$ cat input_10.txt   # compact mmCIF, C-alpha atoms
# COMPACT_ATOMS: atom_id res chain seq x y z
CA MET A 1 30.81 -49.58 -24.36
CA ARG A 2 27.49 -50.07 -26.15
CA ASP A 3 25.71 -50.53 -22.77
CA ARG A 4 27.20 -47.30 -21.46
CA ASN A 5 25.95 -45.41 -24.53
CA ARG A 6 22.50 -46.88 -24.08
CA ILE A 7 22.38 -45.82 -20.40
CA LEU A 8 23.56 -42.33 -21.39
CA ARG A 9 20.84 -42.08 -24.06
CA ILE A 10 18.15 -43.25 -21.65
CA GLY A 11 19.39 -40.79 -19.04
CA LEU A 12 19.32 -37.91 -21.53
CA ALA A 13 15.85 -38.91 -22.73
CA LEU A 14 14.59 -39.04 -19.13
CA ALA A 15 16.10 -35.63 -18.33
CA PHE A 16 14.50 -34.19 -21.50
CA ALA A 17 11.13 -35.75 -20.63
CA LEU A 18 11.28 -34.39 -17.09
CA ASN A 19 12.04 -30.91 -18.45
CA LEU A 20 9.07 -31.18 -20.79
CA VAL A 21 6.82 -32.17 -17.87
CA GLY A 22 8.03 -29.05 -16.03
CA CYS A 23 7.30 -26.88 -19.05
CA ALA A 24 3.91 -28.41 -19.65
CA SER A 25 2.61 -27.94 -16.10
CA THR A 26 0.05 -25.14 -16.05
CA GLN A 27 -1.31 -23.19 -13.14
CA PRO A 28 -5.03 -23.53 -12.50
CA LEU A 29 -6.98 -20.58 -13.81
CA LYS A 30 -7.80 -17.97 -11.21
CA GLY A 31 -11.22 -16.54 -10.67
CA ARG A 32 -14.82 -17.32 -11.52
CA ALA A 33 -16.92 -15.74 -14.23
CA ASP A 34 -20.02 -15.97 -12.00
CA LEU A 35 -18.36 -14.49 -8.89
CA LEU A 36 -20.55 -11.37 -8.92
CA ASP A 37 -23.77 -12.94 -10.23
CA PHE A 38 -25.32 -13.06 -6.76
CA LEU A 39 -25.33 -9.25 -6.47
CA ALA A 40 -28.85 -7.87 -6.92
CA ASP A 41 -29.94 -4.34 -6.02
CA GLY A 42 -32.69 -4.34 -3.38
CA LYS A 43 -32.07 -7.99 -2.46
CA THR A 44 -28.48 -8.82 -1.53
CA THR A 45 -27.49 -8.00 2.05
CA CYS A 46 -24.18 -6.76 3.39
CA GLU A 47 -23.69 -9.99 5.39
CA GLU A 48 -24.19 -12.09 2.26
CA VAL A 49 -21.58 -10.03 0.40
CA VAL A 50 -18.99 -10.44 3.19
CA LEU A 51 -19.72 -14.18 3.43
CA ARG A 52 -19.18 -14.65 -0.30
CA LEU A 53 -16.37 -12.19 -1.07
CA GLY A 54 -14.65 -11.89 2.33
CA GLN A 55 -13.60 -8.71 4.06
CA PRO A 56 -13.67 -5.64 1.78
CA SER A 57 -10.53 -3.64 1.07
CA GLY A 58 -12.30 -0.38 1.93
CA LYS A 59 -15.25 0.74 4.09
CA PHE A 60 -16.72 4.23 3.86
CA GLU A 61 -19.66 6.24 5.24
CA ARG A 62 -20.11 4.13 8.37
CA GLU A 63 -19.78 0.91 6.36
CA HIS A 64 -22.60 1.86 3.98
CA ILE A 65 -20.08 1.69 1.13
CA LEU A 66 -17.89 -1.39 0.72
CA THR A 67 -15.19 -1.66 -1.92
CA TYR A 68 -13.42 -4.73 -3.27
CA ARG A 69 -10.40 -4.95 -5.55
CA LEU A 70 -10.84 -7.52 -8.27
CA GLY A 71 -8.34 -9.20 -10.51
CA PHE A 72 -9.42 -10.50 -13.91
CA GLU A 73 -8.43 -13.66 -15.77
CA PRO A 74 -9.14 -13.13 -19.49
CA LYS A 75 -8.93 -16.86 -20.35
CA ASN A 76 -12.02 -17.79 -18.35
CA LYS A 77 -13.30 -14.21 -17.89
CA GLY A 78 -13.10 -14.85 -14.17
CA TYR A 79 -12.97 -12.33 -11.35
CA TYR A 80 -11.09 -12.88 -8.11
CA VAL A 81 -10.70 -10.74 -4.99
CA VAL A 82 -7.31 -9.10 -4.49
CA GLU A 83 -5.98 -7.64 -1.23
CA ARG A 84 -5.00 -4.00 -0.95
CA GLU A 85 -1.23 -3.60 -1.27
CA ALA A 86 0.75 -0.48 -0.48
CA GLY A 87 4.16 0.67 -1.68
CA PRO A 88 6.87 2.31 0.46
CA SER A 89 5.35 5.76 -0.05
CA GLY A 90 2.05 4.56 1.41
CA TRP A 91 0.13 4.68 -1.88
CA PRO A 92 -1.57 1.45 -2.90
CA THR A 93 -0.64 -0.29 -6.12
CA TRP A 94 -3.13 -1.64 -8.66
CA VAL A 95 -0.70 -4.12 -10.23
CA HIS A 96 -2.78 -7.19 -9.41
CA ALA A 97 -6.22 -5.59 -9.45
CA ARG A 98 -7.97 -4.47 -12.59
CA TYR A 99 -11.42 -3.56 -11.28
CA SER A 100 -12.85 -1.82 -8.24
CA LEU A 101 -16.23 -3.10 -7.12
CA VAL A 102 -18.25 -0.47 -5.24
CA LEU A 103 -21.31 -1.55 -3.29
CA VAL A 104 -23.66 0.94 -1.61
CA PHE A 105 -26.02 -0.34 1.10
CA ASP A 106 -29.00 1.35 2.75
CA GLU A 107 -29.65 1.71 6.50
CA THR A 108 -31.01 -1.84 6.69
CA GLY A 109 -27.91 -3.30 5.05
CA VAL A 110 -29.53 -4.08 1.69
CA LEU A 111 -27.64 -3.37 -1.54
CA ARG A 112 -28.97 -0.26 -3.29
CA ARG A 113 -26.34 0.70 -5.87
CA GLN A 114 -23.27 -0.95 -7.34
CA SER A 115 -20.61 -0.26 -9.91
CA LEU A 116 -17.69 -2.18 -11.36
CA VAL A 117 -15.06 0.38 -12.30
CA GLU A 118 -12.18 -0.53 -14.61
CA VAL A 119 -9.25 1.01 -12.78
CA ASN A 120 -6.14 -0.41 -14.45
CA MET B 1 16.08 41.63 -5.54
CA ARG B 2 19.71 41.51 -4.37
CA PRO B 3 22.35 41.90 -7.13
CA GLY B 4 23.71 38.37 -6.62
CA LEU B 5 20.26 36.74 -6.89
CA ASP B 6 19.44 38.92 -9.90
CA ARG B 7 22.55 37.66 -11.67
CA ILE B 8 21.63 34.03 -10.91
CA ALA B 9 18.07 34.63 -12.17
CA ARG B 10 19.40 36.03 -15.47
CA CYS B 11 21.76 33.07 -15.89
CA TRP B 12 19.03 30.46 -15.17
CA TRP B 13 18.59 29.08 -18.69
CA PRO B 14 22.29 29.01 -19.62
CA LEU B 15 23.02 27.27 -16.31
CA THR B 16 20.28 24.65 -16.85
CA PHE B 17 21.41 24.07 -20.44
CA SER B 18 25.01 23.68 -19.30
CA ALA B 19 23.97 21.21 -16.57
CA VAL B 20 21.98 19.07 -19.05
CA LEU B 21 24.82 19.20 -21.57
CA GLY B 22 27.30 18.24 -18.83
CA MET B 23 25.15 15.25 -17.79
CA CYS B 24 24.95 14.05 -21.40
CA ALA B 25 28.67 14.46 -21.86
CA ALA B 26 29.25 12.45 -18.68
CA GLY B 27 27.30 9.53 -20.14
CA CYS B 28 23.74 10.35 -19.00
CA ILE B 29 21.07 10.05 -21.65
CA VAL B 30 17.46 11.14 -21.21
CA ILE B 31 14.95 9.84 -23.75
CA PRO B 32 11.57 11.56 -23.56
CA THR B 33 8.58 9.43 -24.59
CA PRO B 34 4.86 10.12 -25.01
CA GLU B 35 3.17 9.74 -21.61
CA PHE B 36 1.83 6.29 -20.76
CA ASN B 37 0.47 4.65 -17.61
CA SER B 38 3.08 2.94 -15.45
CA GLY B 39 0.76 0.01 -14.70
CA SER B 40 1.26 0.18 -10.94
CA ALA B 41 -1.22 3.00 -10.23
CA ARG B 42 -4.79 3.56 -11.40
CA ALA B 43 -5.34 4.45 -15.05
CA ASN B 44 -8.89 5.80 -14.89
CA LEU B 45 -7.94 9.42 -14.18
CA GLY B 46 -7.53 12.12 -16.79
CA LYS B 47 -7.40 15.88 -17.14
CA GLN B 48 -11.15 15.97 -17.72
CA THR B 49 -12.03 13.84 -14.67
CA PRO B 50 -12.66 16.77 -12.25
CA LEU B 51 -15.14 18.28 -14.73
CA ALA B 52 -17.45 15.30 -14.26
CA PHE B 53 -18.13 16.30 -10.66
CA GLU B 54 -20.04 19.39 -9.62
CA PRO B 55 -19.35 21.07 -6.27
CA GLY B 56 -22.52 21.35 -4.16
CA LYS B 57 -24.26 18.54 -6.06
CA THR B 58 -21.92 15.57 -6.29
CA THR B 59 -21.71 13.43 -3.17
CA ARG B 60 -18.91 11.25 -1.78
CA THR B 61 -20.92 8.19 -2.84
CA ASP B 62 -21.12 9.50 -6.44
CA VAL B 63 -17.34 9.98 -6.58
CA ILE B 64 -16.59 6.48 -5.24
CA LEU B 65 -19.18 4.90 -7.57
CA ALA B 66 -17.64 6.70 -10.57
CA LEU B 67 -13.92 6.33 -9.87
CA GLY B 68 -13.82 3.25 -7.63
CA GLU B 69 -12.04 2.73 -4.33
CA PRO B 70 -9.93 5.80 -3.48
CA ASP B 71 -6.19 5.47 -2.97
CA ALA B 72 -6.21 7.39 0.31
CA VAL B 73 -8.79 8.83 2.65
CA SER B 74 -8.63 11.19 5.62
CA PRO B 75 -9.71 9.78 9.01
CA ASP B 76 -12.97 11.79 8.89
CA GLU B 77 -13.57 10.92 5.19
CA ARG B 78 -13.78 14.62 4.33
CA GLN B 79 -10.98 14.10 1.78
CA LEU B 80 -10.49 11.37 -0.81
CA ALA B 81 -7.35 11.11 -2.93
CA TYR B 82 -6.83 9.34 -6.24
CA ARG B 83 -3.42 8.81 -7.83
CA SER B 84 -2.31 8.06 -11.37
CA GLN B 85 1.27 7.50 -12.49
CA LYS B 86 2.63 8.23 -15.96
CA VAL B 87 5.98 7.43 -17.48
CA CYS B 88 7.34 10.41 -19.45
CA GLY B 89 10.73 9.06 -20.49
CA PHE B 90 13.73 6.97 -19.60
CA TRP B 91 17.22 7.80 -18.34
CA PHE B 92 20.42 5.87 -18.76
CA VAL B 93 23.84 6.43 -17.24
CA GLY B 94 26.81 4.53 -18.57
CA ALA B 95 30.45 4.52 -17.56
CA TYR B 96 33.00 2.02 -18.85
CA TYR B 97 31.56 -1.46 -18.18
CA SER B 98 28.71 -0.52 -15.85
CA GLY B 99 25.49 1.34 -16.32
CA SER B 100 22.12 2.06 -14.87
CA GLY B 101 18.79 3.35 -16.02
CA GLY B 102 15.14 3.71 -15.21
CA ALA B 103 11.84 5.33 -16.00
CA ILE B 104 11.07 8.99 -15.40
CA GLY B 105 7.72 8.99 -13.69
CA LYS B 106 5.18 11.63 -12.88
CA ASP B 107 2.50 11.12 -10.25
CA ARG B 108 -0.76 13.03 -10.53
CA TYR B 109 -3.07 13.42 -7.54
CA LEU B 110 -6.71 14.35 -7.53
CA VAL B 111 -8.05 15.29 -4.10
CA PHE B 112 -11.78 15.69 -3.43
CA ASP B 113 -12.87 17.81 -0.46
CA PHE B 114 -16.33 17.21 1.02
CA ASP B 115 -18.40 19.10 3.57
CA ALA B 116 -19.86 17.57 6.74
CA ARG B 117 -22.90 16.31 4.76
CA GLY B 118 -20.68 14.50 2.28
CA GLN B 119 -21.22 16.95 -0.59
CA LEU B 120 -18.34 17.96 -2.81
CA GLU B 121 -16.77 21.33 -1.96
CA LYS B 122 -13.81 21.37 -4.34
CA THR B 123 -11.36 19.26 -6.30
CA GLU B 124 -7.64 19.89 -6.44
CA ARG B 125 -5.05 18.50 -8.82
CA SER B 126 -1.35 18.28 -8.11
CA ALA B 127 1.67 16.50 -9.55
CA HIS B 128 4.96 15.12 -8.31
CA TRP B 129 7.92 14.26 -10.51
CA LEU B 130 10.33 11.29 -10.29
CA THR B 131 9.06 9.84 -6.99
CA SER B 132 5.66 9.54 -5.34
CA ALA B 133 4.76 12.21 -2.81
CA ASP B 134 4.14 10.92 0.68
CA VAL B 135 0.46 10.29 1.43
CA ALA B 136 0.69 12.65 4.41
CA LYS B 137 1.76 15.48 2.08
CA VAL B 138 -1.14 15.02 -0.31
CA LEU B 139 -3.67 14.47 2.50
CA PRO B 140 -2.22 16.43 5.47
CA THR B 141 -5.12 15.40 7.71
CA THR B 142 -3.95 11.78 7.46
CA ALA B 143 -0.84 12.68 9.43
CA SER B 144 -2.53 14.86 12.03
CA GLY B 145 -5.52 12.59 12.49
CA ASP B 146 -3.49 9.87 14.20
CA TYR B 147 -6.20 7.36 13.46
CA GLY B 148 -8.47 8.55 16.28
CA LEU B 149 -5.71 8.23 18.85
CA THR B 150 -5.32 11.95 19.51
CA ALA B 151 -7.45 11.96 22.65
CA GLU B 152 -5.13 9.56 24.38
CA GLY B 153 -1.89 10.88 22.99
CA ILE B 154 1.03 9.05 21.47
CA CYS B 155 4.13 8.52 23.62
CA LEU B 156 6.32 6.75 21.05
CA ARG B 157 6.00 6.40 17.30
CA SER B 158 8.23 4.45 14.92
CA CYS B 159 8.23 2.83 11.49
CA ALA B 160 8.06 -0.91 12.03
CA LYS B 161 7.40 -4.32 10.54
CA TRP B 162 4.88 -6.44 12.39
CA PHE B 163 5.37 -10.22 12.51
CA ALA B 164 2.08 -11.62 13.78
CA HIS B 165 2.19 -14.75 15.99
CA LEU B 166 5.99 -14.89 15.91
CA ASN B 167 8.14 -15.30 19.02
CA GLY B 168 11.07 -13.08 18.05
CA PHE B 169 14.05 -15.05 16.73
CA ARG B 170 13.18 -18.10 18.87
CA ASP B 171 10.56 -19.66 16.58
CA LYS B 172 11.70 -22.16 13.96
CA HIS B 173 11.81 -20.72 10.44
CA TRP B 174 11.44 -17.18 11.78
CA GLU B 175 13.32 -15.95 8.72
CA ALA B 176 10.54 -17.27 6.46
CA VAL B 177 7.85 -15.12 8.12
CA LEU B 178 7.13 -11.94 6.21
CA GLY B 179 6.26 -8.85 8.22
CA PHE B 180 3.65 -6.21 7.49
CA PRO B 181 5.14 -2.72 7.04
CA GLY B 182 3.53 0.08 9.00
CA GLU B 183 3.82 2.18 12.12
CA LEU B 184 4.08 1.21 15.78
CA LEU B 185 2.42 3.65 18.17
CA LEU B 186 2.66 3.45 21.94
CA THR B 187 -0.11 5.24 23.82
CA PRO B 188 -0.28 5.50 27.62
CA SER B 189 -2.33 2.29 27.77
CA ASN B 190 -2.05 0.48 24.42
CA LEU B 191 0.38 -0.85 21.87
CA VAL B 192 -1.07 0.00 18.46
CA PHE B 193 0.06 -1.06 14.99
CA ILE B 194 -1.16 0.78 11.89
CA SER B 195 -0.53 -1.14 8.68
CA LYS B 196 0.78 0.80 5.69
CA ALA B 197 -1.86 -0.91 3.55
CA GLN B 198 -4.87 0.15 5.61
CA PHE B 199 -7.06 3.20 5.10
CA ALA B 200 -6.79 6.07 7.58
CA ASN B 201 -10.51 5.77 8.42
CA ALA B 202 -10.10 2.13 9.50
CA PRO B 203 -9.37 0.96 13.05
CA PRO B 204 -5.77 -0.06 13.78
CA GLU B 205 -4.69 -3.47 12.53
CA LEU B 206 -3.53 -4.41 16.05
CA ALA B 207 -4.22 -2.90 19.49
CA ILE B 208 -3.05 -4.59 22.68
CA ALA B 209 -3.52 -3.19 26.18
CA TYR B 210 -0.32 -3.26 28.25
CA ALA B 211 -2.42 -4.68 31.09
CA SER B 212 -2.96 -7.84 29.01
CA LEU B 213 0.76 -8.46 28.46
CA ARG B 214 2.79 -10.99 30.37
CA GLU B 215 6.15 -10.48 28.62
CA CYS B 216 8.06 -7.82 26.75
CA ARG B 217 11.67 -8.22 25.66
CA VAL B 218 14.21 -7.36 22.97
CA ASP B 219 15.60 -10.26 20.93
CA ASN B 220 19.01 -10.03 19.27
CA TYR B 221 20.33 -11.96 16.29
CA PHE B 222 23.62 -10.67 14.88
CA LEU B 223 22.84 -7.03 14.04
CA GLY B 224 19.06 -7.54 14.14
CA ARG B 225 16.95 -6.42 17.08
CA ARG B 226 13.28 -7.10 17.52
CA LEU B 227 10.72 -6.12 20.08
CA VAL B 228 8.71 -9.13 21.28
CA VAL B 229 5.52 -9.03 23.33
CA CYS B 230 3.40 -11.89 24.62
CA THR B 231 -0.15 -11.60 25.91
CA GLN B 232 -1.57 -13.39 28.96
CA ALA B 233 -3.26 -15.74 26.48
CA GLY B 234 0.16 -16.74 25.09
CA GLU B 235 -0.11 -14.86 21.80
CA TYR B 236 3.24 -13.57 20.53
CA HIS B 237 3.83 -10.51 18.36
CA THR B 238 7.20 -9.35 17.06
CA PHE B 239 8.13 -5.90 15.74
CA ALA B 240 11.24 -4.81 13.85
CA LEU B 241 11.52 -1.07 14.48
CA GLN B 242 13.14 0.86 11.64
CA LYS B 243 14.47 4.36 11.10
CA SER B 244 12.31 4.61 7.98
CA ILE B 245 10.00 2.25 6.11
CA GLY B 246 12.19 -0.62 4.93
CA GLY B 247 15.24 1.16 6.38
CA ALA B 248 17.88 0.22 8.93
CA ALA B 249 16.97 -1.20 12.33
CA ASP B 250 16.43 1.45 15.00
CA LYS B 251 18.17 0.08 18.09
CA GLN B 252 17.45 3.09 20.30
CA ALA B 253 13.74 3.13 19.47
CA THR B 254 13.51 -0.65 20.08
CA LEU B 255 15.08 -0.36 23.54
CA ALA B 256 13.00 2.73 24.39
CA ALA B 257 9.79 0.97 23.33
CA CYS B 258 10.67 -2.09 25.43
CA ASP B 259 11.43 0.05 28.51
CA PHE B 260 8.20 2.01 28.04
CA ILE B 261 6.01 -1.08 27.65
CA GLN B 262 7.66 -2.81 30.62
CA SER B 263 7.01 0.27 32.78
CA LYS B 264 3.30 0.06 31.88
CA MET B 265 2.87 -3.69 32.32
CA PRO B 266 1.25 -5.12 35.44
CA ARG B 267 3.86 -5.46 38.21
CA ARG B 268 3.38 -9.24 38.54
CA SER B 269 4.23 -9.75 34.84
CA ARG B 270 7.42 -7.73 35.14
CA GLU B 271 8.59 -9.83 38.08
$ encode --input "input_10.txt" --output "structure tokens"
Amino acid sequence: MRDRNRILRIGLALAFALNLVGCASTQPLKGRADLLDFLADGKTTCEEVVLRLGQPSGKFEREHILTYRLGFEPKNKGYYVVEREAGPSGWPTWVHARYSLVLVFDETGVLRRQSLVEVN
Amino acid sequence: MRPGLDRIARCWWPLTFSAVLGMCAAGCIVIPTPEFNSGSARANLGKQTPLAFEPGKTTRTDVILALGEPDAVSPDERQLAYRSQKVCGFWFVGAYYSGSGGAIGKDRYLVFDFDARGQLEKTERSAHWLTSADVAKVLPTTASGDYGLTAEGICLRSCAKWFAHLNGFRDKHWEAVLGFPGELLLTPSNLVFISKAQFANAPPELAIAYASLRECRVDNYFLGRRLVVCTQAGEYHTFALQKSIGGAADKQATLAACDFIQSKMPRRSRE
């Protein structure tokens, strides 16, 4: 009888410990605080931007303007690129993106102007 | 005005009041709240936003730099649209042991019109209650532009979900593959898929020439029907044609699309 109680207690303790492990597991923080540090007006090229940030979510004026949607992780003040998502009506949602990065390039593909707009 | 219409016009307010009172008595409660952003649309638009831009001086670049990526664009980029969404209240309906409720939303749209040089001509604000207006209604040129496909013409058009690199219902774990919602267009020489998430000034997400296809068939699985095509290179694409976005499967459109594509494929492939 005593052995059975001991096994039951150990089993309960193990189950509790396993639950705690599940609760304690944390997701790695998204984003990097220095993600946009490479951007410099008059220096950074369009190719460099696409290599570092991937394909933009929007291209305008014959690809002279590229836009990226950025999510933000307050814990590490990190930015990460978010894909454009659309709802059933066709309008995009900004649920996962907080900022819109706008990059304007000249005819030679060099960055001339930029802005980081807080959208949501 | 006709006498009947005149009488209805005079009774407008009492009728509205009676309808609201009737809804409340039936268990419907509407709670108005101060307006706040829904969180799913952009929050950087306000009543004063159009005043920051001057027609004849402001350029398209200035607008995008100030407000960020637009929510919709016309194929020729002469129009940009921005959307905000506010919650103005909540509604609840209760009856015996069941009930339902939700937010009362109001969408606001700000459309910028530009001339051929990219300079601002005018701004226009509009609003839509309860549901979001269709993009094609706010930017009518989006619907008529047909993504640069007008020259060739469109023979068949249907709402669809595109499952890239999926062989109909024959692949293992086909149910785990998520499709991209959008529109399937069949031109005289190409199968084109326009994703719902892409801008109207962007090229189609997928374009396959019928001449490059070796197989086209309709797969069935219980009530589901999917259009499956395979290129000469062995690349499969599957489409679930729907009556509306996210709606029921469109059997007739699926069969019509399959017949049309098969009639355009090289004769050797069909045999």
$ closest_atom_pairs --input "input_10.txt" --of "chain A" --to "chain B" --cutoff "8 Å" --atoms "all atoms listed in the file" --output "Markdown table"
| residue | atom | partner | partner_atom | distance |
| --- | --- | --- | --- | --- |
| A:Gly58 | CA | B:Glu69 | CA | 7.0 |
| A:Lys59 | CA | B:Ala202 | CA | 7.6 |
| A:Phe60 | CA | B:Glu77 | CA | 7.5 |
| A:Glu61 | CA | B:Glu77 | CA | 7.7 |
| A:Ile65 | CA | B:Thr61 | CA | 7.7 |
| A:Thr67 | CA | B:Glu69 | CA | 5.9 |
| A:Tyr68 | CA | B:Glu69 | CA | 7.7 |
| A:Arg69 | CA | B:Glu69 | CA | 7.9 |
| A:Arg84 | CA | B:Ala197 | CA | 6.3 |
| A:Glu85 | CA | B:Ala197 | CA | 5.6 |
| A:Ala86 | CA | B:Ala197 | CA | 4.8 |
| A:Pro88 | CA | B:Ile245 | CA | 6.5 |
| A:Ser89 | CA | B:Asp134 | CA | 5.4 |
| A:Gly90 | CA | B:Lys196 | CA | 5.8 |
| A:Trp91 | CA | B:Asp71 | CA | 6.5 |
| A:Pro92 | CA | B:Asp71 | CA | 6.1 |
| A:Thr93 | CA | B:Ser40 | CA | 5.2 |
| A:Trp94 | CA | B:Ala41 | CA | 5.3 |
| A:Val95 | CA | B:Ser40 | CA | 4.8 |
| A:Ser100 | CA | B:Gly68 | CA | 5.2 |
| A:Leu101 | CA | B:Gly68 | CA | 6.8 |
| A:Val102 | CA | B:Leu65 | CA | 5.9 |
| A:Val104 | CA | B:Thr61 | CA | 7.8 |
| A:Gln114 | CA | B:Leu65 | CA | 7.1 |
| A:Ser115 | CA | B:Leu65 | CA | 5.8 |
| A:Leu116 | CA | B:Gly68 | CA | 7.6 |
| A:Val117 | CA | B:Gly68 | CA | 5.6 |
| A:Glu118 | CA | B:Asn44 | CA | 7.1 |
| A:Val119 | CA | B:Asn44 | CA | 5.2 |
| A:Asn120 | CA | B:Ala43 | CA | 5.0 |
$ atom_distance --input "input_10.txt" --atom1 "atom CA of B:Val177" --atom2 "atom CA of B:Arg226"
13.5 Å
$ atom_distance --input "input_10.txt" --atom1 "atom CA of A:Leu70" --atom2 "atom CA of A:Arg32"
11.1 Å
$ residues_near_point --input "input_10.txt" --point "(-16.8, 20.7, 10.3)" --cutoff "10 Å" --atoms "only C-alpha atoms" --output "list in words"
Asp76, Arg78, Phe114, Asp115, Ala116 and Arg117 of chain B
$ residues_around --input "input_10.txt" --residues "stretch 161-173 of chain B" --least-positions-apart "6" --cutoff "12 Å" --atoms "only C-alpha atoms" --output "PyMOL selection string"
chain B and resi 179-185+191-196+205-206+215-222+224-231+233-250+254
$ residues_near_point --input "input_10.txt" --point "(14.4, 10.6, -20.5)" --cutoff "8 Å" --atoms "all atoms listed in the file" --output "PyMOL selection string"
chain B and resi 29-33+88-92+103-104
$ atom_distance --input "input_10.txt" --atom1 "atom CA of A:Gln55" --atom2 "atom CA of A:Lys75"
26.2 Å
$ closest_residue --input "input_10.txt" --among "A:Cys46, A:Lys77, A:Leu53, A:Ala40" --to "A:Arg113" --atoms "all atoms listed in the file"
A:Ala40
$ residues_around --input "input_10.txt" --residues "B:Gly99" --least-positions-apart "5" --cutoff "10 Å" --atoms "all atoms listed in the file" --output "ChimeraX atom specification"
/B:27-28,92-94
$ closest_residue --input "input_10.txt" --among "A:Phe16, A:Leu66, A:Gly31, A:Leu36" --to "A:Val82" --atoms "only C-alpha atoms"
A:Gly31
$ build_atoms --input "input_10.txt" --residues "stretch 180-193 of chain B" --atoms "N, CA and C atoms" --output "PDB file, in the frame of the given file"
ATOM      1  N   PHE B 180       4.481  -7.244   8.112  1.00  0.00           N
ATOM      2  CA  PHE B 180       3.650  -6.210   7.490  1.00  0.00           C
ATOM      3  C   PHE B 180       4.276  -4.848   7.784  1.00  0.00           C
ATOM      4  N   PRO B 181       4.580  -4.044   6.770  1.00  0.00           N
ATOM      5  CA  PRO B 181       5.140  -2.720   7.040  1.00  0.00           C
ATOM      6  C   PRO B 181       4.077  -1.761   7.566  1.00  0.00           C
ATOM      7  N   GLY B 182       4.482  -0.883   8.445  1.00  0.00           N
ATOM      8  CA  GLY B 182       3.530   0.080   9.000  1.00  0.00           C
ATOM      9  C   GLY B 182       4.166   0.936  10.066  1.00  0.00           C
ATOM     10  N   GLU B 183       3.362   1.274  11.071  1.00  0.00           N
ATOM     11  CA  GLU B 183       3.820   2.180  12.120  1.00  0.00           C
ATOM     12  C   GLU B 183       3.411   1.640  13.485  1.00  0.00           C
ATOM     13  N   LEU B 184       4.366   1.648  14.407  1.00  0.00           N
ATOM     14  CA  LEU B 184       4.080   1.210  15.780  1.00  0.00           C
ATOM     15  C   LEU B 184       3.862   2.454  16.642  1.00  0.00           C
ATOM     16  N   LEU B 185       2.732   2.509  17.305  1.00  0.00           N
ATOM     17  CA  LEU B 185       2.420   3.650  18.170  1.00  0.00           C
ATOM     18  C   LEU B 185       2.231   3.135  19.597  1.00  0.00           C
ATOM     19  N   LEU B 186       2.852   3.814  20.536  1.00  0.00           N
ATOM     20  CA  LEU B 186       2.660   3.450  21.940  1.00  0.00           C
ATOM     21  C   LEU B 186       1.902   4.572  22.633  1.00  0.00           C
ATOM     22  N   THR B 187       0.700   4.274  23.080  1.00  0.00           N
ATOM     23  CA  THR B 187      -0.110   5.240  23.820  1.00  0.00           C
ATOM     24  C   THR B 187       0.076   4.964  25.309  1.00  0.00           C
ATOM     25  N   PRO B 188      -0.459   5.776  26.190  1.00  0.00           N
ATOM     26  CA  PRO B 188      -0.280   5.500  27.620  1.00  0.00           C
ATOM     27  C   PRO B 188      -0.823   4.146  28.073  1.00  0.00           C
ATOM     28  N   SER B 189      -1.773   3.562  27.308  1.00  0.00           N
ATOM     29  CA  SER B 189      -2.330   2.290  27.770  1.00  0.00           C
ATOM     30  C   SER B 189      -2.308   1.168  26.742  1.00  0.00           C
ATOM     31  N   ASN B 190      -1.979   1.497  25.473  1.00  0.00           N
ATOM     32  CA  ASN B 190      -2.050   0.480  24.420  1.00  0.00           C
ATOM     33  C   ASN B 190      -0.855   0.476  23.490  1.00  0.00           C
ATOM     34  N   LEU B 191      -0.565  -0.710  22.975  1.00  0.00           N
ATOM     35  CA  LEU B 191       0.380  -0.850  21.870  1.00  0.00           C
ATOM     36  C   LEU B 191      -0.481  -0.943  20.617  1.00  0.00           C
ATOM     37  N   VAL B 192      -0.218  -0.069  19.650  1.00  0.00           N
ATOM     38  CA  VAL B 192      -1.070   0.000  18.460  1.00  0.00           C
ATOM     39  C   VAL B 192      -0.194  -0.150  17.217  1.00  0.00           C
ATOM     40  N   PHE B 193      -0.653  -0.961  16.254  1.00  0.00           N
ATOM     41  CA  PHE B 193       0.060  -1.060  14.990  1.00  0.00           C
ATOM     42  C   PHE B 193      -0.866  -0.664  13.853  1.00  0.00           C
TER      43      PHE B 193
END
